[in-house]
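J.: Next comes the structure file my_file-v6.pdb, holding PDB, C-alpha atoms.
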```
MODEL        1
ATOM      1  CA  MET J 135       0.000   0.000   0.000  1.00  0.00           C
ATOM      2  CA  GLU J 136       1.460   3.302  -1.051  1.00  0.00           C
ATOM      3  CA  VAL J 137       0.603   6.616   0.616  1.00  0.00           C
ATOM      4  CA  VAL J 138       0.743   9.738  -1.533  1.00  0.00           C
ATOM      5  CA  SER J 139       0.004  13.161   0.013  1.00  0.00           C
ATOM      6  CA  GLY J 140      -1.728  11.609   2.995  1.00  0.00           C
ATOM      7  CA  ARG J 141      -4.037   9.495   0.791  1.00  0.00           C
ATOM      8  CA  VAL J 142      -3.940   5.816   0.081  1.00  0.00           C
ATOM      9  CA  LYS J 143      -3.168   5.212  -3.572  1.00  0.00           C
ATOM     10  CA  GLU J 144      -4.128   1.534  -3.801  1.00  0.00           C
ATOM     11  CA  LYS J 145      -5.599  -1.166  -1.567  1.00  0.00           C
ATOM     12  CA  SER J 146      -3.658  -4.147  -0.376  1.00  0.00           C
ATOM     13  CA  LYS J 147      -4.282  -7.534  -1.933  1.00  0.00           C
ATOM     14  CA  ILE J 148      -6.078  -8.784   1.177  1.00  0.00           C
ATOM     15  CA  GLU J 149      -8.487  -5.843   1.181  1.00  0.00           C
ATOM     16  CA  SER J 150      -9.170  -6.352  -2.515  1.00  0.00           C
ATOM     17  CA  LEU J 151      -9.842 -10.064  -1.925  1.00  0.00           C
ATOM     18  CA  LEU J 152     -12.217  -9.362   0.968  1.00  0.00           C
ATOM     19  CA  LYS J 153     -14.102  -6.796  -1.107  1.00  0.00           C
ATOM     20  CA  PHE J 154     -14.401  -9.291  -3.976  1.00  0.00           C
ATOM     21  CA  LEU J 155     -15.724 -12.029  -1.654  1.00  0.00           C
ATOM     22  CA  HIS J 156     -18.210  -9.642  -0.078  1.00  0.00           C
ATOM     23  CA  GLU J 157     -19.535  -8.506  -3.459  1.00  0.00           C
ATOM     24  CA  TYR J 158     -20.006 -12.025  -4.801  1.00  0.00           C
ATOM     25  CA  ALA J 159     -21.222 -13.847  -1.676  1.00  0.00           C
ATOM     26  CA  TYR J 160     -24.525 -14.847  -3.289  1.00  0.00           C
ATOM     27  CA  ILE J 161     -22.753 -16.418  -6.264  1.00  0.00           C
ATOM     28  CA  GLU J 162     -20.401 -18.280  -3.949  1.00  0.00           C
ATOM     29  CA  THR J 163     -23.366 -19.565  -1.924  1.00  0.00           C
ATOM     30  CA  ILE J 164     -25.142 -20.803  -5.038  1.00  0.00           C
ATOM     31  CA  ILE J 165     -21.964 -22.510  -6.267  1.00  0.00           C
ATOM     32  CA  MET J 166     -21.396 -24.209  -2.894  1.00  0.00           C
ATOM     33  CA  VAL J 167     -24.972 -25.520  -2.727  1.00  0.00           C
ATOM     34  CA  THR J 168     -24.797 -26.697  -6.338  1.00  0.00           C
ATOM     35  CA  MET J 169     -21.550 -28.545  -5.647  1.00  0.00           C
ATOM     36  CA  TYR J 170     -23.083 -30.145  -2.533  1.00  0.00           C
ATOM     37  CA  LEU J 171     -26.141 -31.283  -4.490  1.00  0.00           C
ATOM     38  CA  GLY J 172     -23.935 -32.553  -7.330  1.00  0.00           C
ATOM     39  CA  VAL J 173     -21.884 -34.678  -4.945  1.00  0.00           C
ATOM     40  CA  GLY J 174     -25.105 -35.887  -3.345  1.00  0.00           C
ATOM     41  CA  TYR J 175     -26.423 -36.893  -6.754  1.00  0.00           C
ATOM     42  CA  LEU J 176     -23.228 -38.784  -7.553  1.00  0.00           C
ATOM     43  CA  ILE J 177     -23.372 -40.637  -4.229  1.00  0.00           C
ATOM     44  CA  ASP J 178     -27.104 -41.479  -4.251  1.00  0.00           C
ATOM     45  CA  ASN J 179     -29.389 -40.058  -6.918  1.00  0.00           C
ATOM     46  CA  LYS J 180     -32.499 -40.799  -4.828  1.00  0.00           C
ATOM     47  CA  ASP J 181     -31.244 -38.757  -1.862  1.00  0.00           C
ATOM     48  CA  ILE J 182     -29.300 -35.816  -3.296  1.00  0.00           C
ATOM     49  CA  CYS J 183     -29.486 -33.824  -0.045  1.00  0.00           C
ATOM     50  CA  MET J 184     -27.947 -36.778   1.848  1.00  0.00           C
ATOM     51  CA  LEU J 185     -30.629 -36.640   4.536  1.00  0.00           C
ATOM     52  CA  ASN J 186     -30.597 -40.390   5.229  1.00  0.00           C
ATOM     53  CA  SER J 187     -26.909 -40.520   6.166  1.00  0.00           C
ATOM     54  CA  ASP J 188     -25.492 -40.921   9.664  1.00  0.00           C
ATOM     55  CA  ILE J 189     -24.047 -37.404   9.682  1.00  0.00           C
ATOM     56  CA  SER J 190     -26.246 -34.444   8.793  1.00  0.00           C
ATOM     57  CA  PHE J 191     -24.153 -32.936   6.022  1.00  0.00           C
ATOM     58  CA  ILE J 192     -26.868 -30.421   5.110  1.00  0.00           C
ATOM     59  CA  LEU J 193     -26.686 -28.874   8.584  1.00  0.00           C
ATOM     60  CA  ILE J 194     -22.914 -28.611   8.344  1.00  0.00           C
ATOM     61  CA  LEU J 195     -23.194 -26.899   4.951  1.00  0.00           C
ATOM     62  CA  LEU J 196     -25.882 -24.485   6.146  1.00  0.00           C
ATOM     63  CA  ALA J 197     -23.897 -23.667   9.290  1.00  0.00           C
ATOM     64  CA  ILE J 198     -20.751 -22.920   7.283  1.00  0.00           C
ATOM     65  CA  ILE J 199     -22.606 -20.712   4.807  1.00  0.00           C
ATOM     66  CA  THR J 200     -24.469 -18.862   7.549  1.00  0.00           C
ATOM     67  CA  LEU J 201     -21.341 -18.278   9.635  1.00  0.00           C
ATOM     68  CA  PHE J 202     -19.210 -17.052   6.740  1.00  0.00           C
ATOM     69  CA  HIS J 203     -21.778 -15.137   4.676  1.00  0.00           C
ATOM     70  CA  GLY J 204     -24.583 -14.256   7.064  1.00  0.00           C
ATOM     71  CA  PHE J 205     -28.242 -15.011   7.592  1.00  0.00           C
ATOM     72  CA  GLU J 206     -29.437 -13.984   4.113  1.00  0.00           C
ATOM     73  CA  ASN J 207     -27.136 -16.408   2.350  1.00  0.00           C
ATOM     74  CA  GLY J 208     -28.065 -19.140   4.816  1.00  0.00           C
ATOM     75  CA  ILE J 209     -31.730 -18.665   3.962  1.00  0.00           C
ATOM     76  CA  LEU J 210     -30.843 -18.644   0.238  1.00  0.00           C
ATOM     77  CA  ALA J 211     -28.957 -21.943   0.621  1.00  0.00           C
ATOM     78  CA  LEU J 212     -31.825 -23.450   2.629  1.00  0.00           C
ATOM     79  CA  THR J 213     -34.329 -22.408  -0.037  1.00  0.00           C
ATOM     80  CA  ILE J 214     -32.278 -23.847  -2.901  1.00  0.00           C
ATOM     81  CA  SER J 215     -31.671 -27.150  -1.121  1.00  0.00           C
ATOM     82  CA  SER J 216     -35.347 -27.412  -0.086  1.00  0.00           C
ATOM     83  CA  LEU J 217     -36.516 -26.840  -3.654  1.00  0.00           C
ATOM     84  CA  CYS J 218     -34.122 -29.500  -4.934  1.00  0.00           C
ATOM     85  CA  TYR J 219     -35.311 -31.925  -2.273  1.00  0.00           C
ATOM     86  CA  VAL J 220     -38.976 -31.344  -3.188  1.00  0.00           C
ATOM     87  CA  VAL J 221     -38.256 -31.760  -6.902  1.00  0.00           C
ATOM     88  CA  THR J 222     -36.297 -34.968  -6.243  1.00  0.00           C
ATOM     89  CA  LEU J 223     -38.998 -36.312  -3.942  1.00  0.00           C
ATOM     90  CA  SER J 224     -41.742 -35.607  -6.460  1.00  0.00           C
ATOM     91  CA  SER J 225     -39.774 -37.214  -9.294  1.00  0.00           C
ATOM     92  CA  ILE J 226     -39.181 -40.332  -7.201  1.00  0.00           C
ATOM     93  CA  CYS J 227     -42.892 -40.574  -6.378  1.00  0.00           C
ATOM     94  CA  LEU J 228     -43.777 -40.453 -10.085  1.00  0.00           C
ATOM     95  CA  TYR J 229     -41.865 -43.669 -10.762  1.00  0.00           C
TER
ENDMDL
END
```
If you convert what's in this file into structure tokens, what do you get?

T.:
Amino acid sequence: MEVVSGRVKEKSKIESLLKFLHEYAYIETIIMVTMYLGVGYLIDNKDICMLNSDISFILILLAIITLFHGFENGILALTISSLCYVVTLSSICLY
């Protein structure tokens, strides 16, 4: 960081990274939930949210998202995963 005439000329790399992560938190949340659901589909395509496992992975994911990105992103992740669960459940019931 360089100071010119009492003003900061440029931000440090860490500040730039934090600003970038803050601006794109919704996109990161959507990508994380999509990756979780993709792995769940690869493991068991009838239970993509992995709700029938011994460990509640969905709670771990929601806790991580909520702690790092806040309540709004936690609700967004919960909504996306709930919609995917309902769609999967309804498609299983059709067969």

J.: Between atom CA of Leu171 of chain J and atom CA of Glu157 of chain J, what is the distance, to one decimal in Å?

T.: 23.7 Å

J.: Applying 12 Å and only C-alpha atoms, which residues near Phe191 of chain J remain after dropping the ones on its own chain fewer than 3 positions away? List them as a tab-separated table (two decimals) with C-alpha atoms, keeping the file's coordinate frame.

T.:
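The result, written out as out-v6.tsv:
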```tsv
chain	number	residue	atom	x	y	z
J	167	VAL	CA	-24.97	-25.52	-2.73
J	170	TYR	CA	-23.08	-30.14	-2.53
J	171	LEU	CA	-26.14	-31.28	-4.49
J	173	VAL	CA	-21.88	-34.68	-4.94
J	174	GLY	CA	-25.10	-35.89	-3.34
J	182	ILE	CA	-29.30	-35.82	-3.30
J	183	CYS	CA	-29.49	-33.82	-0.04
J	184	MET	CA	-27.95	-36.78	1.85
J	185	LEU	CA	-30.63	-36.64	4.54
J	186	ASN	CA	-30.60	-40.39	5.23
J	187	SER	CA	-26.91	-40.52	6.17
J	188	ASP	CA	-25.49	-40.92	9.66
J	194	ILE	CA	-22.91	-28.61	8.34
J	195	LEU	CA	-23.19	-26.90	4.95
J	196	LEU	CA	-25.88	-24.48	6.15
J	197	ALA	CA	-23.90	-23.67	9.29
J	198	ILE	CA	-20.75	-22.92	7.28
J	215	SER	CA	-31.67	-27.15	-1.12
```

J.: Once the PyMOL selection byres ((chain J and resi 207) around 10) is applied to the coordinates I shared, what remains selected? I want it as a PyMOL selection string.

T.: chain J and resi 159-164+196+199-206+208-213

J.: Centre and edge lengths, as AutoDock Vina command-line options, for the axis-aligned box enclosing every listed atom of segment 199-211 of chain J with 3 Å of padding on each of the six sides, in Å to one decimal?

T.:
```
--center_x -25.5 --center_y -18.0 --center_z 4.9 --size_x 18.5 --size_y 14.0 --size_z 15.4
```

J.: Kindly give the distance, in Å, that separates atom CA of Asp178 of chain J and atom CA of Thr222 of chain J, rounded to a single decimal.

T.: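 Value for the atom CA of Asp178 of chain J-atom CA of Thr222 of chain J distance: 11.4 Å.
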
J.: For atom CA of Thr168 of chain J and atom CA of Leu217 of chain J, determine how far apart the two atoms are, in Å to one decimal place.

T.: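 Here the two named atoms are 12.0 Å from each other.
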
J.: As a compact mmCIF listing (two decimals), in the coordinates of the input, please: segment 194-221 of chain J completed to N, CA and C atoms.

T.:
```txt
# COMPACT_ATOMS: atom_id res chain seq x y z
N ILE J 194 -24.29 -29.11 8.36
CA ILE J 194 -22.91 -28.61 8.34
C ILE J 194 -22.74 -27.57 7.25
N LEU J 195 -23.28 -27.85 6.06
CA LEU J 195 -23.19 -26.90 4.95
C LEU J 195 -23.92 -25.60 5.28
N LEU J 196 -25.13 -25.70 5.81
CA LEU J 196 -25.88 -24.48 6.15
C LEU J 196 -25.21 -23.69 7.25
N ALA J 197 -24.60 -24.37 8.21
CA ALA J 197 -23.90 -23.67 9.29
C ALA J 197 -22.68 -22.93 8.75
N ILE J 198 -21.93 -23.57 7.86
CA ILE J 198 -20.75 -22.92 7.28
C ILE J 198 -21.15 -21.70 6.48
N ILE J 199 -22.17 -21.85 5.63
CA ILE J 199 -22.61 -20.71 4.81
C ILE J 199 -23.12 -19.58 5.68
N THR J 200 -23.91 -19.90 6.68
CA THR J 200 -24.47 -18.86 7.55
C THR J 200 -23.38 -18.16 8.35
N LEU J 201 -22.41 -18.90 8.85
CA LEU J 201 -21.34 -18.28 9.64
C LEU J 201 -20.43 -17.40 8.79
N PHE J 202 -20.13 -17.82 7.57
CA PHE J 202 -19.21 -17.05 6.74
C PHE J 202 -19.88 -15.92 5.98
N HIS J 203 -21.14 -16.12 5.55
CA HIS J 203 -21.78 -15.14 4.68
C HIS J 203 -23.00 -14.47 5.28
N GLY J 204 -23.47 -14.92 6.41
CA GLY J 204 -24.58 -14.26 7.06
C GLY J 204 -25.91 -14.96 6.88
N PHE J 205 -26.92 -14.40 7.52
CA PHE J 205 -28.24 -15.01 7.59
C PHE J 205 -28.92 -15.07 6.22
N GLU J 206 -28.78 -14.01 5.43
CA GLU J 206 -29.44 -13.98 4.11
C GLU J 206 -28.96 -15.11 3.22
N ASN J 207 -27.67 -15.33 3.17
CA ASN J 207 -27.14 -16.41 2.35
C ASN J 207 -27.49 -17.78 2.91
N GLY J 208 -27.61 -17.89 4.22
CA GLY J 208 -28.06 -19.14 4.82
C GLY J 208 -29.49 -19.47 4.41
N ILE J 209 -30.35 -18.46 4.40
CA ILE J 209 -31.73 -18.66 3.96
C ILE J 209 -31.76 -18.99 2.47
N LEU J 210 -30.92 -18.35 1.67
CA LEU J 210 -30.84 -18.64 0.24
C LEU J 210 -30.42 -20.10 0.02
N ALA J 211 -29.42 -20.56 0.74
CA ALA J 211 -28.96 -21.94 0.62
C ALA J 211 -30.04 -22.92 1.07
N LEU J 212 -30.74 -22.60 2.14
CA LEU J 212 -31.82 -23.45 2.63
C LEU J 212 -32.94 -23.54 1.60
N THR J 213 -33.28 -22.43 0.97
CA THR J 213 -34.33 -22.41 -0.04
C THR J 213 -33.95 -23.25 -1.25
N ILE J 214 -32.73 -23.09 -1.73
CA ILE J 214 -32.28 -23.85 -2.90
C ILE J 214 -32.28 -25.35 -2.60
N SER J 215 -31.73 -25.73 -1.46
CA SER J 215 -31.67 -27.15 -1.12
C SER J 215 -33.06 -27.73 -0.87
N SER J 216 -33.97 -26.94 -0.30
CA SER J 216 -35.35 -27.41 -0.09
C SER J 216 -36.07 -27.62 -1.41
N LEU J 217 -35.89 -26.69 -2.34
CA LEU J 217 -36.52 -26.84 -3.65
C LEU J 217 -35.99 -28.07 -4.38
N CYS J 218 -34.70 -28.31 -4.30
CA CYS J 218 -34.12 -29.50 -4.93
C CYS J 218 -34.64 -30.77 -4.28
N TYR J 219 -34.79 -30.75 -2.98
CA TYR J 219 -35.31 -31.92 -2.27
C TYR J 219 -36.75 -32.21 -2.68
N VAL J 220 -37.57 -31.16 -2.80
CA VAL J 220 -38.98 -31.34 -3.19
C VAL J 220 -39.06 -31.85 -4.62
N VAL J 221 -38.25 -31.30 -5.51
CA VAL J 221 -38.26 -31.76 -6.90
C VAL J 221 -37.81 -33.22 -6.98
```
